[in-house]
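Student: Take a look at this one; I'll ask things after.
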Amino acid sequence: MNKVIVIAAALLLGSGCIFAKSSAGAKSRQIVEISANYTEETQVKVCQKMFGELVAEYNKKNGTNYQLQLLTGQGMDITNTRMSSGDKPDLFSIDSPSDANRYNKDGLLYDLSAYAKKYGWKNKMFPWAYDLALANGKMMSMPFGYEGLLLWYNKSAMKKLGLNPADIKDLASFESAMQKAKGAGYIPVILGTQDWPWAQEWYLSIMYSYTGRNLLRDTLEGKTKLGWKDPRFKSTVELYKSWNDKGYLADGKSYILTSDDAINIFTTGKALFKLEGTWAPYWILPLSQEEQDNIGVMLHPAINSAEKPHLPIAIGQEWCISAGTKNADICAFILDGLMQQKYQGVFLDSGMDVAPIKIDDAQYANLTPVVRNMWKIVNTALDNNQFGYATYAFYPPETRVYCYEGIVNVLSNKISVDTYLSKMQELNEKELKAGFTPVIPSAK
Amino acid sequence: MEVITVYSHAVLYRESHKRKMKQNQLSKKTYQKKELHAAMLALVPIFLYHFCLVVLPSLNSLTSSFTNWNGLLTKKFIGLENYRNLFRDTDFYEAFFNNIKWMLLFITIPVICSILIGFMLSHIKRGRSTLRVMYFLPYVISAAIAGKIFAAFYNPYLGINSWLKDIGMPFLAFDWLAPSHALLSVAFVDMWHWWGFLLVIFMSALQQIDPMLYESAEVEGASELQKLRYITIPSIKSTLVFIILVSMVWSVSTFDYVWVMTKGSTGSSILSTMLYKNAFLKYKAGYACTISVFQNVLALLIFGIFNFVQRKTEDN
């Protein structure tokens with residue numbers, strides 16, 4: 001009997017420890033939970049400081065006593081799981097407008113329209129960014145961070161090969177440069193997709209966008225009869241395959257090299273070009289000044305006469321407020337705070353996503369020359385509406401996954417180009433029928 | 001009178017003894033009952049934990065496999081459509097056969113290596129512990145770290161290939177993670193990680209074997225191979241069966257090394273990576289649940305067959 005009492009008591013205590021929630025101080029303070037996908041230590045510290053300042057500012061203005069609870073490293077897989085559970089954060093970031101669309105369809109997002117009016121977001125943000133945030137005329141999320149896909153080059157390799165980046169603007173000059181690089185023992189264009197298959201779609205984003213932006217947009221929206229089976233897409237894939245077969249793309253080994261391999265090969269001067277997005281500063285900034293100065297950046301040259309060089313963009317993330325939150329006011333205040341000019345400089349210095357607003361030149365002052373140049377290219381392209389569409393921001397999810405997985409089968413001669421493109425079209429049609437709504441801004 | 005008294009006493013004593021025996025039996029039963037209750041109470045927390053974190057989510061997966069769940073809130077009953085699509089999906093067959101290949105590799109190479117090396121180590125007196133620790137060390141390295149290290153080794157320009165070129169054997173250098181053999185290259189890393197653990201288990205089993213058997217065999221003139229075949233393996237049969245069963249079941253759900261090194265890209269796709277991609281990249285969580293149900297059924301099937309064969313063998 002005593003044994004039973006002792007065990008029962010132990011169980012009760014144990015259950016109490018497992019299931020007890022601390023209620024101390026719950027009445028005196030409120031928690032605002034923010035979920036973000038930053039993992040790099042510097043960026044996490046920036047988040048902590050910045051959100052902390054904004055929460056403190058709100059408390060001071062409104063006489064509240066909010067405490068910040070920041071969760072970082074929250075990728076889409078974790079966020080999806082949390083948002084389908086009862087434990088939702090107040091303010092959270094997700095990857096793309098398509099994700100925001102999905103969340104909105106399930107009624108998971110707070111309507112920000114009233115706050116957009118209160119804080120004047122329409123006038124602060126780039127028009128294309130504001131348009132992306134709208135769903136049936138309501139602002140349901142805030143696009144944040146715009147990324148673009150660029151071609152980085154090794155300056156000393158360029159010099160040794162007698163090439164001038166300003167002259168590499170079209171297909172002929174680009175192929176000539178790659179051929180020259182290959183002949184001299186360089187890897188013309190390096191990319192590594194073994195551990196990060198999504199790197200394959202960086203280049204495909206460029207290739208498909210450069211095929212024709214309007215064509216791509218109409219294909220994704222299901223407005224064309226041929227869709228992905230259009231001969232223009234076939235020419236593009238055949239061109240891409242020919243580069244792979246000639247060894248221009250990572251020596252034909254892009255799907256064998258890891259992303260770290262690609263960075264190492266480029267920074268040690270073994271490759272002429274590296275395909276990477278505007279997040280490249282995360283591996284550029286740790287390099288020595290001399291190494292940084294040896295890196296240049298440019299838009300990818302045109303691959304046909306239909307499109308000039310432009311910047312395939314993606315949205316870095318979408319900030320959203322949970323539909324059922326009781327803390328919408330402070331969350332909206334924080335979102336507005338993120339658009340302050342003073343934070344843009346901090347974001348730029350840390351390689352984080354910037355607000356989709358016109359950023360003062362002064363914020364770029366502390367940047368290393370190559371990164372400053374990168375932003376000049378990006379801003380010029382955006383100012384002129386010379387942007388295209390990255391796969392991961394605008395394509396339907398299954399089509400997108402097949403896009404970068406299927407291409408490896410084409411490159412390794414397992415399937416034909418026609419089979420690949422037919423499958424792309426089949427998936428695109430299927431997803432549109434299943435209710436996927438493309439959210440694609442129009443570009444000039 | 002005295003006889004009656006003695007008889008009465010005897011009867012009384014007998015009755016009293018009977019009562020005592022009965023009481024003892026009752027006490028014993030009561031005691032056993034109490035012990036049983038205490039044991040069941042002690043099991044309640046772990047049962048609750050298991051029920052909440054394993055049984056309920058598994059049942060949820062099963063029910064979700066009959067829906068078009070997108071990973072968020074959209075969930076509509078679609079019957080067996082997911083299962084029909086699964087068996088029509090070419091990606092599924094590629095992933096399934098890759099799991100079978102993985103299973104065949106893991107029930108042979110690391111098992112054979114660990115038995116042979118364990119057998120040899122058991123004959124060594126000096127340095128046995130040191131060697132055992134050395135062979136076990138890979139097991140304590142996390143999959144994420146080991147996978148990254150080996151991915152660097154597999155670099156076609158550096159790593160192993162560079163070393164092979166330096167020692168004049170460039171013909172052995174090739175693209176280790178090319179789609180045609182990426183699965184084998186990744187499996188090698190997992191085997192390197194796993195076999196040391198098997199070695200430790202087999203060595204514990206080997207230590208249970210009566211050394212007299214080996215001495216007798218030696219007297220009879222048995223070779224090392226004969227000792228291994230006729231003494232060692234039969235003696236560790238139950239451990240061997242357990243390890244093979246566990247290797248087969250875990251092969252169905254393996255994920256970590258493949259994901260870290262190749263993200264389940266072409267050539268190395270397995271059921272778990274296919275599950276992950278459908279759940280979190282394609283937003284087809286219902287379909288992903290179908291894959292997980294298939295994995296569970298496969299694992300149960302393997303377990304069931306093993307049980308059946310074992311029982312039949314014991315009966316014979």
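Please note that chains go A, B, ... in the order of the structure tokens, that every chain numbers its residues from 1, and that ligands are numbered from 1 in the order shown.
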Using only C-alpha atoms and a cut-off of 6 Å, which residues of chain A sit close to chain B? Please list them as an NGL selection string.

Tutor: :A and (4 or 77 or 84 or 106 or 194-195 or 256 or 397-398)

Student: Just to be explicit: take each residue in the selection above, keep N, CA and C atoms, and write the result as a PDB file, in the first residue's frame.

Tutor:
```pdb
ATOM      1  N   VAL A   4       2.428   1.793  -3.291  1.00  0.00           N
ATOM      2  CA  VAL A   4       1.492   2.363  -4.266  1.00  0.00           C
ATOM      3  C   VAL A   4       1.363   3.855  -4.048  1.00  0.00           C
ATOM      4  N   ASP A  77       9.237  24.333 -43.026  1.00  0.00           N
ATOM      5  CA  ASP A  77       8.709  23.073 -42.509  1.00  0.00           C
ATOM      6  C   ASP A  77       8.209  23.243 -41.071  1.00  0.00           C
ATOM      7  N   SER A  84      -0.404  24.847 -38.484  1.00  0.00           N
ATOM      8  CA  SER A  84      -1.516  23.899 -38.545  1.00  0.00           C
ATOM      9  C   SER A  84      -1.837  23.356 -37.157  1.00  0.00           C
ATOM     10  N   ASP A 106      -6.263  29.349 -46.301  1.00  0.00           N
ATOM     11  CA  ASP A 106      -6.664  28.587 -45.119  1.00  0.00           C
ATOM     12  C   ASP A 106      -7.063  29.490 -43.954  1.00  0.00           C
ATOM     13  N   GLN A 194      24.791  19.531 -55.106  1.00  0.00           N
ATOM     14  CA  GLN A 194      24.647  18.199 -54.496  1.00  0.00           C
ATOM     15  C   GLN A 194      23.898  18.250 -53.173  1.00  0.00           C
ATOM     16  N   ASP A 195      24.327  19.149 -52.284  1.00  0.00           N
ATOM     17  CA  ASP A 195      23.673  19.226 -50.970  1.00  0.00           C
ATOM     18  C   ASP A 195      22.624  20.321 -50.928  1.00  0.00           C
ATOM     19  N   ILE A 256      27.167  17.120 -58.607  1.00  0.00           N
ATOM     20  CA  ILE A 256      28.072  16.318 -57.785  1.00  0.00           C
ATOM     21  C   ILE A 256      28.782  17.203 -56.762  1.00  0.00           C
ATOM     22  N   PRO A 397       4.444  24.943 -56.462  1.00  0.00           N
ATOM     23  CA  PRO A 397       5.458  24.163 -55.720  1.00  0.00           C
ATOM     24  C   PRO A 397       5.910  22.867 -56.378  1.00  0.00           C
ATOM     25  N   GLU A 398       4.959  22.071 -56.875  1.00  0.00           N
ATOM     26  CA  GLU A 398       5.366  20.785 -57.453  1.00  0.00           C
ATOM     27  C   GLU A 398       6.107  20.998 -58.779  1.00  0.00           C
TER      28      GLU A 398
END
```

Student: What's the 7 Å shell around stretch 142-144 of chain A, counting only C-alpha atoms, without same-chain residues fewer than 5 positions away, as a ChimeraX atom specification?

Tutor: /A:129,133,315-320,353-356

Student: Could you please take those selected residues and save N, CA and C atoms as a compact mmCIF listing (two decimals), in the first residue's frame?

Tutor:
```txt
# COMPACT_ATOMS: atom_id res chain seq x y z
N ALA A 129 6.04 45.54 -55.03
CA ALA A 129 6.03 44.82 -53.75
C ALA A 129 4.65 44.95 -53.10
N ALA A 133 1.56 41.96 -52.21
CA ALA A 133 1.00 41.70 -50.88
C ALA A 133 -0.52 41.58 -50.90
N ILE A 315 11.23 37.18 -53.70
CA ILE A 315 11.02 37.90 -52.45
C ILE A 315 11.75 37.10 -51.38
N GLY A 316 12.50 37.80 -50.55
CA GLY A 316 13.26 37.11 -49.51
C GLY A 316 12.38 36.40 -48.53
N GLN A 317 11.34 37.09 -48.14
CA GLN A 317 10.41 36.50 -47.17
C GLN A 317 9.13 37.33 -47.15
N GLU A 318 8.11 36.77 -46.55
CA GLU A 318 6.86 37.50 -46.37
C GLU A 318 6.59 37.54 -44.87
N TRP A 319 6.41 38.75 -44.33
CA TRP A 319 6.05 38.85 -42.93
C TRP A 319 4.53 38.80 -42.82
N CYS A 320 4.06 37.99 -41.88
CA CYS A 320 2.60 37.81 -41.73
C CYS A 320 2.23 37.89 -40.26
N ASP A 353 17.72 40.52 -45.34
CA ASP A 353 16.75 41.07 -46.27
C ASP A 353 16.43 42.51 -45.89
N VAL A 354 16.31 43.38 -46.91
CA VAL A 354 15.96 44.78 -46.67
C VAL A 354 14.49 44.99 -47.00
N ALA A 355 13.94 46.07 -46.51
CA ALA A 355 12.54 46.39 -46.78
C ALA A 355 12.40 46.76 -48.25
N PRO A 356 11.23 46.52 -48.85
CA PRO A 356 11.04 46.84 -50.27
C PRO A 356 10.74 48.32 -50.46
```

Student: For A:Phe92, work out the shell of residues within 8 Å, counting only C-alpha atoms and skipping chain neighbours fewer than 3 positions away, then give it as a list in words.

Tutor: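 My list of contacting residues is Ile34, Ser35, Ala36, Pro89, Trp319, Cys320, Ile321 and Ser322 of chain A.
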
Student: Produce a file of the selected residues containing N, CA and C atoms, as a short mmCIF file (atom, residue, chain, number, x, y, z; two decimals), in the first residue's frame.

Tutor:
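So the final result, stored in again-v7.cif, reads:
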```cif
data_model
loop_
_atom_site.label_atom_id
_atom_site.label_comp_id
_atom_site.auth_asym_id
_atom_site.auth_seq_id
_atom_site.Cartn_x
_atom_site.Cartn_y
_atom_site.Cartn_z
N ILE A 34 7.62 36.29 -32.00
CA ILE A 34 8.02 36.52 -33.39
C ILE A 34 8.84 35.32 -33.84
N SER A 35 8.50 34.83 -35.01
CA SER A 35 9.18 33.65 -35.56
C SER A 35 9.85 34.05 -36.87
N ALA A 36 11.18 33.86 -36.95
CA ALA A 36 11.93 34.26 -38.14
C ALA A 36 12.86 33.14 -38.57
N PRO A 89 2.65 31.53 -33.77
CA PRO A 89 3.30 32.76 -33.34
C PRO A 89 2.43 33.96 -33.71
N TRP A 319 6.41 38.75 -44.33
CA TRP A 319 6.05 38.85 -42.93
C TRP A 319 4.53 38.80 -42.82
N CYS A 320 4.06 37.99 -41.88
CA CYS A 320 2.60 37.81 -41.73
C CYS A 320 2.23 37.89 -40.26
N ILE A 321 1.00 38.30 -40.01
CA ILE A 321 0.47 38.28 -38.64
C ILE A 321 -0.58 37.17 -38.58
N SER A 322 -0.53 36.38 -37.54
CA SER A 322 -1.50 35.27 -37.38
C SER A 322 -2.91 35.79 -37.28
#
```

Student: Considering only C-alpha atoms, return as a list in words whatever protein or nucleic-acid residues lie within 9 Å of A:Leu151, sequence-local ones (same chain, fewer than 3 positions apart) excluded.

Tutor: Val189, Phe273, Lys274, Leu275, Glu276, Gly277, Gly296, Val297, Met298, Leu299, His300 and Pro301 of chain A

Student: Enter the distance from atom CA of B:Ser268 to atom CA of A:Leu411, in Å, rounded to one decimal.

Tutor: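 So the answer is 16.2 Å.
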
Student: Please compute the atom CA of A:Phe51-atom CA of A:Lys118 distance, one decimal, in Å.

Tutor: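 Interatomic distance here is 20.5 Å.
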